[in-house]
Amino acid sequence: MDKSSRMMNSVFWVSAIVIVAMVLWGAFDAAGMSRWADQAYTFVTEAFSWFYLLSVLAIVLFCAWLAISKYGKVKLGRDDEKPKYSYFAWIGMLFSCGFGAGLVFWGIAEPMTHFATSPTGSDGMTSEAGRRAMQYSFFNWGVHQWSVFTIVGLALAYIQFRKKETGMISDTLNPIIGKEKKKTLRKTINTLAVITTVLGVATSLGMGILQINGGLNHVFAVPQNSMSLFFITMTLLVLYLISALTGLDKGIKFLSILNMSLAIGMIIVVLILGPTQFIFEAFVLGLGDYIQNFFGMSLGMSPYDGNTWSKAWTVNYWAWVIAWSPFVGAFIARISRGRTIREFVFGVLIVPPLIAIIWIAVFGGTALHMDLFQGANIAGAVQKDVTSALFATFENFPMSSFLSVVFLILIVTFLVTSADSAAFVLAMMTSGGDPNPSNLLKATWGILMAAIVVVLINSSGLAGLQTASLVAALPFTIILLLMGVALLKMLRSDQGAATVEETETSSEKESTYERVPIRSALTTPKK
């Protein structure tokens, strides 16, 4: 075992011990963990909401600038290298890994929650509240979320495929902290990335598990209790361990394509069966509102009137995606070799958010139409049980039970894909950046993720899951900003080196060209 592997083994042990300690705390003192969650949530949202909003907007602008700059043509790999995966398979893996079951959970629940209680503080359950519900839902699932994944994925892909370094988070900061020095700091950064990833993924898995339980209760009257949640979690654990052990090109790729196909199929079905014209109009209007109010929403705080919407929603979302950005970024980097920076930014920053906005327009728009014009009261059902949003909407469709079952399958495949990808990346991060980590390590992280999900759900439910990612994301936000600085340093340095090399080559060619006629003149006989 080399020196690097020993260092990364310490990352594994420290991060695993921290996660096990949290599992034991939640198992033996659930009330204490719940109290801590409430206190931590209040402190972080009150003190650092501004920091989250400002940081993520800065990342959005930086990624957009990179794509249109001269660095956009730089390839993440050899200059002649081609992408391994087709565009559809690549987007499918991005979508499944980055959104997971989160979009399925909130695709209807979020706009209907904002419809009932408007983000702007105006009256709920009105046409204006419906319009703002779509606008803010588009914003929360738009480019801001994916900018975080983009910066991490870009930095990791660049250092792995251009600089030939390992895929460790600390390596992305080499231009700032040095390549060989500050080993304690490097181990701390990598350990923080692992712990942050586990808690971020746990949030997504927990939401999906709660929704599966809510759907089973709605369709099959399965009780919503700790025992049901435990059995659902264990079933998912078995499924994603099976998928993880089949490898990246089989399990994850197959499930990702299945997810995309099911998702597109369900969008088409609901678009045809639902209020088609209303959906298209709501999509266009919501997109316009989103673009027009982009910067206002990006920095939207309420220090004068005490409105807590931004802290309760946007800040939580940004923290959630930051928390699992090491995992999503590492996975995106792994599957994006051979693409240019411009292609990477377009594919990661634009396409998945556009799919998410279409999803919300179709499903959220359908639910809004039913409440506004048919008196369905889906918003009321969501207020009673947020996990029931999807299934309460399907009650108004023909073949409602069939649609609900298909969506339960979709949620399961999303969760399995996310957990499978996370186990793979966590194993890679705790094995010195090994691109093909051992099955034992993947299984270990799969089990630890399942355990932390169970204790967080049982101690604090959805609020506990959100708080865990909110707190874990705070220090990692600083690392993200430094990652952008380091990436720019590497690009400028490499571009400068390439320019010097080009100049030297041109000079050599020019010198050779100039010498030829002189030599010819000396050797040509005089007439």
# chains A, B, ... in the order shown; residues from 1 in each chain; ligands from 1

$ residues_around --residues "Pro303 in chain A" --least-positions-apart "4" --cutoff "12 Å" --atoms "only C-alpha atoms" --output "list of chain:residue names"
A:Glu46, A:Ser49, A:Trp50, A:Leu299, A:Asn307, A:Thr308, A:Trp309, A:Ser310, A:Lys311

$ write_last_selection --atoms "N, CA and C atoms" --output "PDB file, in the first residue's frame"
ATOM      1  N   GLU A  46     -30.396  31.966  10.167  1.00  0.00           N
ATOM      2  CA  GLU A  46     -30.383  33.357  10.608  1.00  0.00           C
ATOM      3  C   GLU A  46     -29.053  34.037  10.299  1.00  0.00           C
ATOM      4  N   SER A  49     -27.714  32.866   5.709  1.00  0.00           N
ATOM      5  CA  SER A  49     -28.535  32.804   4.496  1.00  0.00           C
ATOM      6  C   SER A  49     -27.958  33.679   3.394  1.00  0.00           C
ATOM      7  N   TRP A  50     -27.536  34.874   3.752  1.00  0.00           N
ATOM      8  CA  TRP A  50     -26.961  35.799   2.761  1.00  0.00           C
ATOM      9  C   TRP A  50     -25.741  35.186   2.079  1.00  0.00           C
ATOM     10  N   LEU A 299     -30.969  36.924  -5.094  1.00  0.00           N
ATOM     11  CA  LEU A 299     -30.513  37.606  -3.881  1.00  0.00           C
ATOM     12  C   LEU A 299     -31.694  38.027  -3.013  1.00  0.00           C
ATOM     13  N   ASN A 307     -40.153  38.316   6.205  1.00  0.00           N
ATOM     14  CA  ASN A 307     -40.608  37.162   5.425  1.00  0.00           C
ATOM     15  C   ASN A 307     -39.515  36.093   5.424  1.00  0.00           C
ATOM     16  N   THR A 308     -39.847  34.887   5.868  1.00  0.00           N
ATOM     17  CA  THR A 308     -38.837  33.820   6.014  1.00  0.00           C
ATOM     18  C   THR A 308     -38.846  32.836   4.848  1.00  0.00           C
ATOM     19  N   TRP A 309     -39.564  33.159   3.769  1.00  0.00           N
ATOM     20  CA  TRP A 309     -39.688  32.188   2.675  1.00  0.00           C
ATOM     21  C   TRP A 309     -38.338  31.803   2.107  1.00  0.00           C
ATOM     22  N   SER A 310     -37.497  32.781   1.808  1.00  0.00           N
ATOM     23  CA  SER A 310     -36.206  32.492   1.175  1.00  0.00           C
ATOM     24  C   SER A 310     -35.353  31.587   2.059  1.00  0.00           C
ATOM     25  N   LYS A 311     -35.363  31.817   3.360  1.00  0.00           N
ATOM     26  CA  LYS A 311     -34.575  30.985   4.273  1.00  0.00           C
ATOM     27  C   LYS A 311     -35.143  29.568   4.341  1.00  0.00           C
TER      28      LYS A 311
END

$ select_by_dssp --residues "range 24-143 of chain A" --states "helix (DSSP H, G or I)" --output "VMD selection string"
chain A and resid 24 to 28 30 to 68 70 to 73 87 to 99 102 to 116 127 to 140 143

$ closest_residue --among "A:Val148, A:Ala244, A:Met370, A:Leu229" --to "Val453 in chain A" --atoms "only C-alpha atoms"
A:Leu229

$ residues_around --residues "range 85-88 of chain A" --least-positions-apart "6" --cutoff "9 Å" --atoms "only C-alpha atoms" --output "mmCIF file with N, CA and C atoms, in the first residue's frame"
data_model
loop_
_atom_site.group_PDB
_atom_site.id
_atom_site.type_symbol
_atom_site.label_atom_id
_atom_site.label_comp_id
_atom_site.auth_asym_id
_atom_site.auth_seq_id
_atom_site.Cartn_x
_atom_site.Cartn_y
_atom_site.Cartn_z
ATOM 1 N N ILE A 257 -30.925 5.244 -18.058
ATOM 2 C CA ILE A 257 -31.702 5.256 -19.302
ATOM 3 C C ILE A 257 -33.157 4.890 -19.018
ATOM 4 N N MET A 260 -34.868 7.997 -17.427
ATOM 5 C CA MET A 260 -35.187 9.018 -18.424
ATOM 6 C C MET A 260 -36.360 8.595 -19.294
ATOM 7 N N ILE A 335 -18.198 10.554 -15.872
ATOM 8 C CA ILE A 335 -18.892 10.177 -17.108
ATOM 9 C C ILE A 335 -18.736 11.213 -18.216
ATOM 10 N N SER A 336 -17.939 12.278 -17.980
ATOM 11 C CA SER A 336 -17.870 13.390 -18.940
ATOM 12 C C SER A 336 -16.517 13.512 -19.634
ATOM 13 N N GLY A 347 -24.360 21.076 -21.146
ATOM 14 C CA GLY A 347 -25.051 19.833 -20.810
ATOM 15 C C GLY A 347 -25.446 19.741 -19.353
#

$ residues_around --residues "range 358-364 of chain A" --least-positions-apart "3" --cutoff "7 Å" --atoms "only C-alpha atoms" --output "list in words"
Gly107, Ile108, Pro111, Ile267, Val270, Leu271, Ile279, Ala282, Phe283, Leu354, Ile355, Ala367 and Leu368 of chain A

$ residues_around --residues "range 14-26 of chain A" --least-positions-apart "5" --cutoff "12 Å" --atoms "only C-alpha atoms" --output "ChimeraX atom specification"
/A:7-9,31-37,187-199,202,426-427,429-430,441,444-461,464,468

$ closest_atom_pairs --of "range 251-338 of chain A" --to "range 155-173 of chain A" --cutoff "12 Å" --atoms "only C-alpha atoms" --output "JSON lines"
{"residue": "A:Ser325", "atom": "CA", "partner": "A:Ile169", "partner_atom": "CA", "distance": 10.7}
{"residue": "A:Pro326", "atom": "CA", "partner": "A:Ile169", "partner_atom": "CA", "distance": 7.4}
{"residue": "A:Phe327", "atom": "CA", "partner": "A:Ile169", "partner_atom": "CA", "distance": 10.1}
{"residue": "A:Val328", "atom": "CA", "partner": "A:Leu156", "partner_atom": "CA", "distance": 10.9}
{"residue": "A:Gly329", "atom": "CA", "partner": "A:Leu156", "partner_atom": "CA", "distance": 7.3}
{"residue": "A:Ala330", "atom": "CA", "partner": "A:Leu156", "partner_atom": "CA", "distance": 6.4}
{"residue": "A:Phe331", "atom": "CA", "partner": "A:Leu156", "partner_atom": "CA", "distance": 9.5}
{"residue": "A:Ile332", "atom": "CA", "partner": "A:Ala157", "partner_atom": "CA", "distance": 8.2}
{"residue": "A:Ala333", "atom": "CA", "partner": "A:Ala157", "partner_atom": "CA", "distance": 4.6}
{"residue": "A:Arg334", "atom": "CA", "partner": "A:Ala157", "partner_atom": "CA", "distance": 7.1}
{"residue": "A:Ile335", "atom": "CA", "partner": "A:Ala157", "partner_atom": "CA", "distance": 9.1}
{"residue": "A:Ser336", "atom": "CA", "partner": "A:Ala157", "partner_atom": "CA", "distance": 7.4}
{"residue": "A:Arg337", "atom": "CA", "partner": "A:Phe161", "partner_atom": "CA", "distance": 6.9}
{"residue": "A:Gly338", "atom": "CA", "partner": "A:Phe161", "partner_atom": "CA", "distance": 8.5}

$ write_last_selection --atoms "all heavy atoms" --output "CSV table (one decimal), in the first residue's frame"
chain,number,residue,atom,x,y,z
A,325,SER,N,-23.0,17.9,-3.6
A,325,SER,CA,-22.2,18.2,-4.8
A,325,SER,C,-20.9,17.5,-4.9
A,325,SER,O,-20.5,17.2,-6.1
A,325,SER,CB,-21.9,19.8,-4.8
A,325,SER,OG,-21.1,20.1,-3.7
A,326,PRO,N,-20.2,17.1,-3.8
A,326,PRO,CA,-19.0,16.3,-4.0
A,326,PRO,C,-19.3,15.0,-4.7
A,326,PRO,O,-18.6,14.5,-5.6
A,326,PRO,CB,-18.5,16.0,-2.6
A,326,PRO,CG,-19.1,17.1,-1.8
A,326,PRO,CD,-20.4,17.4,-2.4
A,327,PHE,N,-20.4,14.4,-4.4
A,327,PHE,CA,-20.9,13.1,-5.0
A,327,PHE,C,-21.3,13.3,-6.4
A,327,PHE,O,-20.8,12.6,-7.4
A,327,PHE,CB,-21.9,12.4,-4.1
A,327,PHE,CG,-23.1,11.8,-4.9
A,327,PHE,CD1,-22.8,10.8,-5.8
A,327,PHE,CD2,-24.4,12.2,-4.7
A,327,PHE,CE1,-23.9,10.2,-6.5
A,327,PHE,CE2,-25.4,11.6,-5.4
A,327,PHE,CZ,-25.2,10.6,-6.3
A,328,VAL,N,-22.2,14.3,-6.7
A,328,VAL,CA,-22.7,14.5,-8.0
A,328,VAL,C,-21.6,15.0,-8.9
A,328,VAL,O,-21.5,14.5,-10.0
A,328,VAL,CB,-23.9,15.5,-8.0
A,328,VAL,CG1,-24.4,15.7,-9.4
A,328,VAL,CG2,-25.0,15.0,-7.1
A,329,GLY,N,-20.8,15.9,-8.4
A,329,GLY,CA,-19.7,16.4,-9.2
A,329,GLY,C,-18.7,15.3,-9.6
A,329,GLY,O,-18.2,15.3,-10.7
A,330,ALA,N,-18.4,14.5,-8.6
A,330,ALA,CA,-17.4,13.4,-8.9
A,330,ALA,C,-18.0,12.4,-9.9
A,330,ALA,O,-17.3,11.9,-10.8
A,330,ALA,CB,-17.1,12.7,-7.6
A,331,PHE,N,-19.3,12.1,-9.8
A,331,PHE,CA,-19.9,11.2,-10.8
A,331,PHE,C,-20.0,11.8,-12.1
A,331,PHE,O,-19.7,11.2,-13.2
A,331,PHE,CB,-21.3,10.8,-10.3
A,331,PHE,CG,-22.0,9.8,-11.1
A,331,PHE,CD1,-21.7,8.5,-11.1
A,331,PHE,CD2,-23.0,10.2,-12.0
A,331,PHE,CE1,-22.3,7.6,-11.9
A,331,PHE,CE2,-23.6,9.3,-12.8
A,331,PHE,CZ,-23.3,7.9,-12.7
A,332,ILE,N,-20.4,13.1,-12.2
A,332,ILE,CA,-20.5,13.8,-13.5
A,332,ILE,C,-19.1,13.9,-14.2
A,332,ILE,O,-19.0,13.6,-15.4
A,332,ILE,CB,-21.0,15.2,-13.3
A,332,ILE,CG1,-22.5,15.2,-12.9
A,332,ILE,CG2,-20.9,16.0,-14.6
A,332,ILE,CD1,-23.1,16.5,-12.6
A,333,ALA,N,-18.1,14.1,-13.4
A,333,ALA,CA,-16.7,14.2,-13.9
A,333,ALA,C,-16.4,12.8,-14.5
A,333,ALA,O,-15.8,12.7,-15.6
A,333,ALA,CB,-15.7,14.5,-12.9
A,334,ARG,N,-16.7,11.8,-13.8
A,334,ARG,CA,-16.4,10.4,-14.2
A,334,ARG,C,-17.0,10.0,-15.6
A,334,ARG,O,-16.4,9.3,-16.4
A,334,ARG,CB,-16.9,9.4,-13.1
A,334,ARG,CG,-16.6,7.9,-13.4
A,334,ARG,CD,-15.2,7.6,-13.0
A,334,ARG,NE,-15.1,6.1,-12.9
A,334,ARG,CZ,-15.0,5.2,-13.9
A,334,ARG,NH1,-15.1,5.6,-15.1
A,334,ARG,NH2,-14.8,4.0,-13.6
A,335,ILE,N,-18.2,10.6,-15.9
A,335,ILE,CA,-18.9,10.2,-17.1
A,335,ILE,C,-18.7,11.2,-18.2
A,335,ILE,O,-19.3,11.1,-19.3
A,335,ILE,CB,-20.4,9.9,-16.8
A,335,ILE,CG1,-21.1,11.2,-16.4
A,335,ILE,CG2,-20.6,8.8,-15.8
A,335,ILE,CD1,-22.6,11.1,-16.2
A,336,SER,N,-17.9,12.3,-18.0
A,336,SER,CA,-17.9,13.4,-18.9
A,336,SER,C,-16.5,13.5,-19.6
A,336,SER,O,-16.3,14.5,-20.3
A,336,SER,CB,-18.2,14.7,-18.2
A,336,SER,OG,-19.5,14.7,-17.7
A,337,ARG,N,-15.7,12.5,-19.5
A,337,ARG,CA,-14.4,12.6,-20.1
A,337,ARG,C,-14.5,12.7,-21.6
A,337,ARG,O,-15.3,12.0,-22.3
A,337,ARG,CB,-13.6,11.3,-19.8
A,337,ARG,CG,-12.2,11.3,-20.3
A,337,ARG,CD,-11.3,10.3,-19.7
A,337,ARG,NE,-9.9,10.4,-20.1
A,337,ARG,CZ,-8.9,9.7,-19.6
A,337,ARG,NH1,-9.1,9.0,-18.5
A,337,ARG,NH2,-7.7,9.9,-20.0
A,338,GLY,N,-13.7,13.6,-22.2
A,338,GLY,CA,-13.8,13.7,-23.7
A,338,GLY,C,-14.7,14.9,-24.2
A,338,GLY,O,-14.7,15.2,-25.4

$ atom_distance --atom1 "CA of Leu255 in chain A" --atom2 "CA of Gly92 in chain A"
8.9 Å

$ closest_residue --among "A:Val471, A:Ala67, A:Ala263, A:Ala221" --to "Thr42 in chain A" --atoms "only C-alpha atoms"
A:Val471

$ residues_around --residues "Gln224 in chain A" --least-positions-apart "2" --cutoff "12 Å" --atoms "only C-alpha atoms" --output "PyMOL selection string"
chain A and resi 209-218+220-222+226-232+385+387-388+458

$ write_last_selection --atoms "C-alpha atoms" --output "CSV table (one decimal), in the first residue's frame"
chain,number,residue,atom,x,y,z
A,209,ILE,CA,-38.5,6.9,1.2
A,210,LEU,CA,-41.1,9.1,2.8
A,211,GLN,CA,-42.8,9.6,-0.5
A,212,ILE,CA,-42.8,5.8,-1.3
A,213,ASN,CA,-44.4,5.2,2.1
A,214,GLY,CA,-47.0,8.0,1.4
A,215,GLY,CA,-47.7,6.5,-2.0
A,216,LEU,CA,-48.1,3.0,-0.7
A,217,ASN,CA,-50.4,4.3,2.0
A,218,HIS,CA,-52.5,6.2,-0.6
A,220,PHE,CA,-52.5,0.2,-0.9
A,221,ALA,CA,-53.3,1.5,2.7
A,222,VAL,CA,-49.8,0.6,3.9
A,226,SER,CA,-41.3,3.6,11.5
A,227,MET,CA,-41.6,-0.1,10.7
A,228,SER,CA,-42.8,0.6,7.1
A,229,LEU,CA,-40.0,3.1,6.6
A,230,PHE,CA,-37.5,0.6,7.9
A,231,PHE,CA,-38.6,-2.1,5.5
A,232,ILE,CA,-38.7,0.3,2.5
A,385,ASP,CA,-49.2,15.4,4.1
A,387,THR,CA,-45.8,13.1,0.5
A,388,SER,CA,-49.3,12.7,-0.9
A,458,ASN,CA,-37.0,8.6,13.0

$ residues_around --residues "range 60-65 of chain A" --least-positions-apart "5" --cutoff "10 Å" --atoms "only C-alpha atoms" --output "CSV table (one decimal) with N, CA, C and O atoms, in the first residue's frame"
chain,number,residue,atom,x,y,z
A,55,SER,N,-23.0,33.3,-2.6
A,55,SER,CA,-22.1,32.3,-3.1
A,55,SER,C,-22.6,31.5,-4.4
A,55,SER,O,-21.9,31.4,-5.4
A,70,LYS,N,-12.7,31.9,-23.8
A,70,LYS,CA,-11.7,31.2,-24.7
A,70,LYS,C,-11.4,29.8,-24.1
A,70,LYS,O,-11.0,28.9,-24.8
A,71,TYR,N,-11.7,29.6,-22.8
A,71,TYR,CA,-11.5,28.3,-22.1
A,71,TYR,C,-12.6,27.3,-22.5
A,71,TYR,O,-12.4,26.1,-22.2
A,72,GLY,N,-13.6,27.8,-23.1
A,72,GLY,CA,-14.7,26.9,-23.4
A,72,GLY,C,-14.4,25.7,-24.3
A,72,GLY,O,-15.0,24.6,-24.3
A,143,VAL,N,-31.1,26.8,-12.8
A,143,VAL,CA,-29.6,26.7,-13.1
A,143,VAL,C,-28.8,26.9,-11.8
A,143,VAL,O,-27.7,26.4,-11.7
A,144,HIS,N,-29.4,27.5,-10.8
A,144,HIS,CA,-28.6,27.7,-9.5
A,144,HIS,C,-28.2,26.3,-8.9
A,144,HIS,O,-27.0,26.1,-8.5
A,145,GLN,N,-29.2,25.4,-8.9
A,145,GLN,CA,-28.9,24.1,-8.3
A,145,GLN,C,-27.7,23.5,-9.1
A,145,GLN,O,-26.8,22.9,-8.5
A,146,TRP,N,-27.8,23.5,-10.4
A,146,TRP,CA,-26.9,22.8,-11.3
A,146,TRP,C,-25.5,23.5,-11.4
A,146,TRP,O,-24.6,22.9,-11.8
A,147,SER,N,-25.5,24.8,-11.1
A,147,SER,CA,-24.2,25.4,-11.1
A,147,SER,C,-23.2,24.9,-10.1
A,147,SER,O,-22.0,24.8,-10.3
A,148,VAL,N,-23.8,24.4,-9.0
A,148,VAL,CA,-23.0,23.9,-7.9
A,148,VAL,C,-22.4,22.5,-8.4
A,148,VAL,O,-21.2,22.2,-8.2
A,150,THR,N,-21.9,21.8,-11.5
A,150,THR,CA,-21.1,22.1,-12.6
A,150,THR,C,-19.7,22.4,-12.1
A,150,THR,O,-18.7,21.9,-12.7
A,151,ILE,N,-19.5,23.3,-11.1
A,151,ILE,CA,-18.2,23.7,-10.7
A,151,ILE,C,-17.4,22.6,-10.1
A,151,ILE,O,-16.2,22.4,-10.4
A,154,LEU,N,-16.5,20.1,-13.1
A,154,LEU,CA,-15.5,20.7,-13.9
A,154,LEU,C,-14.1,20.6,-13.3
A,154,LEU,O,-13.2,20.2,-14.0
A,341,ILE,N,-15.2,22.0,-22.2
A,341,ILE,CA,-15.8,22.8,-21.1
A,341,ILE,C,-17.1,23.4,-21.5
A,341,ILE,O,-18.1,23.4,-20.7
A,342,ARG,N,-17.1,23.9,-22.7
A,342,ARG,CA,-18.4,24.5,-23.2
A,342,ARG,C,-19.5,23.5,-23.3
A,342,ARG,O,-20.7,23.8,-22.9
A,345,VAL,N,-20.6,22.5,-19.7
A,345,VAL,CA,-21.4,23.6,-19.0
A,345,VAL,C,-22.8,23.6,-19.6
A,345,VAL,O,-23.8,23.6,-18.9
A,346,PHE,N,-22.9,23.5,-20.9
A,346,PHE,CA,-24.2,23.5,-21.6
A,346,PHE,C,-25.0,22.2,-21.1
A,346,PHE,O,-26.2,22.3,-20.7
A,349,LEU,N,-25.4,22.6,-17.0
A,349,LEU,CA,-26.0,23.8,-16.4
A,349,LEU,C,-27.4,24.1,-17.0
A,349,LEU,O,-28.2,24.7,-16.4
A,350,ILE,N,-27.6,23.7,-18.3
A,350,ILE,CA,-28.8,24.1,-19.0
A,350,ILE,C,-29.8,22.9,-19.2
A,350,ILE,O,-31.0,23.1,-18.9
A,484,GLY,N,-13.4,27.2,-7.5
A,484,GLY,CA,-13.5,28.1,-8.7
A,484,GLY,C,-12.2,28.9,-9.0
A,484,GLY,O,-11.8,29.0,-10.1
A,485,VAL,N,-11.7,29.4,-7.9
A,485,VAL,CA,-10.4,30.2,-8.0
A,485,VAL,C,-9.3,29.3,-8.5
A,485,VAL,O,-8.5,29.7,-9.4
A,488,LEU,N,-9.6,28.4,-12.2
A,488,LEU,CA,-9.3,29.5,-13.1
A,488,LEU,C,-7.7,29.7,-13.2
A,488,LEU,O,-7.2,29.9,-14.2

$ atom_distance --atom1 "CA of Ile264 in chain A" --atom2 "CA of Thr276 in chain A"
15.5 Å

$ closest_residue --among "A:Ile409, A:Ala116, A:Leu245, A:Ala319" --to "Ala381 in chain A" --atoms "only C-alpha atoms"
A:Ala116

$ atom_distance --atom1 "CA of Ser302 in chain A" --atom2 "CA of Thr113 in chain A"
19.5 Å

$ decode --residues "range 310-328 of chain A" --atoms "N, CA and C atoms" --output "CSV table (one decimal), in the first residue's frame"
chain,number,residue,atom,x,y,z
A,310,SER,N,-37.5,32.8,1.8
A,310,SER,CA,-36.2,32.5,1.2
A,310,SER,C,-35.4,31.6,2.1
A,311,LYS,N,-35.4,31.8,3.4
A,311,LYS,CA,-34.6,31.0,4.3
A,311,LYS,C,-35.1,29.6,4.3
A,312,ALA,N,-36.5,29.5,4.3
A,312,ALA,CA,-37.1,28.2,4.5
A,312,ALA,C,-37.0,27.3,3.2
A,313,TRP,N,-36.9,28.0,2.0
A,313,TRP,CA,-36.9,27.3,0.8
A,313,TRP,C,-35.6,27.4,0.0
A,314,THR,N,-35.3,28.5,-0.5
A,314,THR,CA,-34.1,28.7,-1.4
A,314,THR,C,-32.8,28.3,-0.6
A,315,VAL,N,-32.6,28.8,0.5
A,315,VAL,CA,-31.4,28.6,1.3
A,315,VAL,C,-31.3,27.1,1.6
A,316,ASN,N,-32.4,26.4,1.9
A,316,ASN,CA,-32.4,25.0,2.1
A,316,ASN,C,-32.0,24.2,0.9
A,317,TYR,N,-32.6,24.7,-0.3
A,317,TYR,CA,-32.2,24.0,-1.5
A,317,TYR,C,-30.8,24.1,-1.8
A,318,TRP,N,-30.2,25.4,-1.7
A,318,TRP,CA,-28.8,25.6,-2.0
A,318,TRP,C,-27.9,24.7,-1.1
A,319,ALA,N,-28.3,24.7,0.2
A,319,ALA,CA,-27.5,23.9,1.1
A,319,ALA,C,-27.6,22.4,0.7
A,320,TRP,N,-28.7,22.0,0.3
A,320,TRP,CA,-28.9,20.5,0.0
A,320,TRP,C,-28.1,20.2,-1.2
A,321,VAL,N,-28.1,21.0,-2.3
A,321,VAL,CA,-27.3,20.6,-3.4
A,321,VAL,C,-25.8,20.8,-3.2
A,322,ILE,N,-25.4,21.8,-2.3
A,322,ILE,CA,-24.0,21.9,-2.0
A,322,ILE,C,-23.6,20.7,-1.2
A,323,ALA,N,-24.4,20.2,-0.3
A,323,ALA,CA,-24.1,19.0,0.5
A,323,ALA,C,-23.8,17.8,-0.3
A,324,TRP,N,-24.5,17.6,-1.4
A,324,TRP,CA,-24.2,16.4,-2.2
A,324,TRP,C,-23.5,16.7,-3.5
A,325,SER,N,-23.0,17.9,-3.6
A,325,SER,CA,-22.2,18.2,-4.8
A,325,SER,C,-20.9,17.5,-4.9
A,326,PRO,N,-20.2,17.1,-3.8
A,326,PRO,CA,-19.0,16.3,-4.0
A,326,PRO,C,-19.3,15.0,-4.7
A,327,PHE,N,-20.4,14.4,-4.4
A,327,PHE,CA,-20.9,13.1,-5.0
A,327,PHE,C,-21.3,13.3,-6.4
A,328,VAL,N,-22.2,14.3,-6.7
A,328,VAL,CA,-22.7,14.5,-8.0
A,328,VAL,C,-21.6,15.0,-8.9
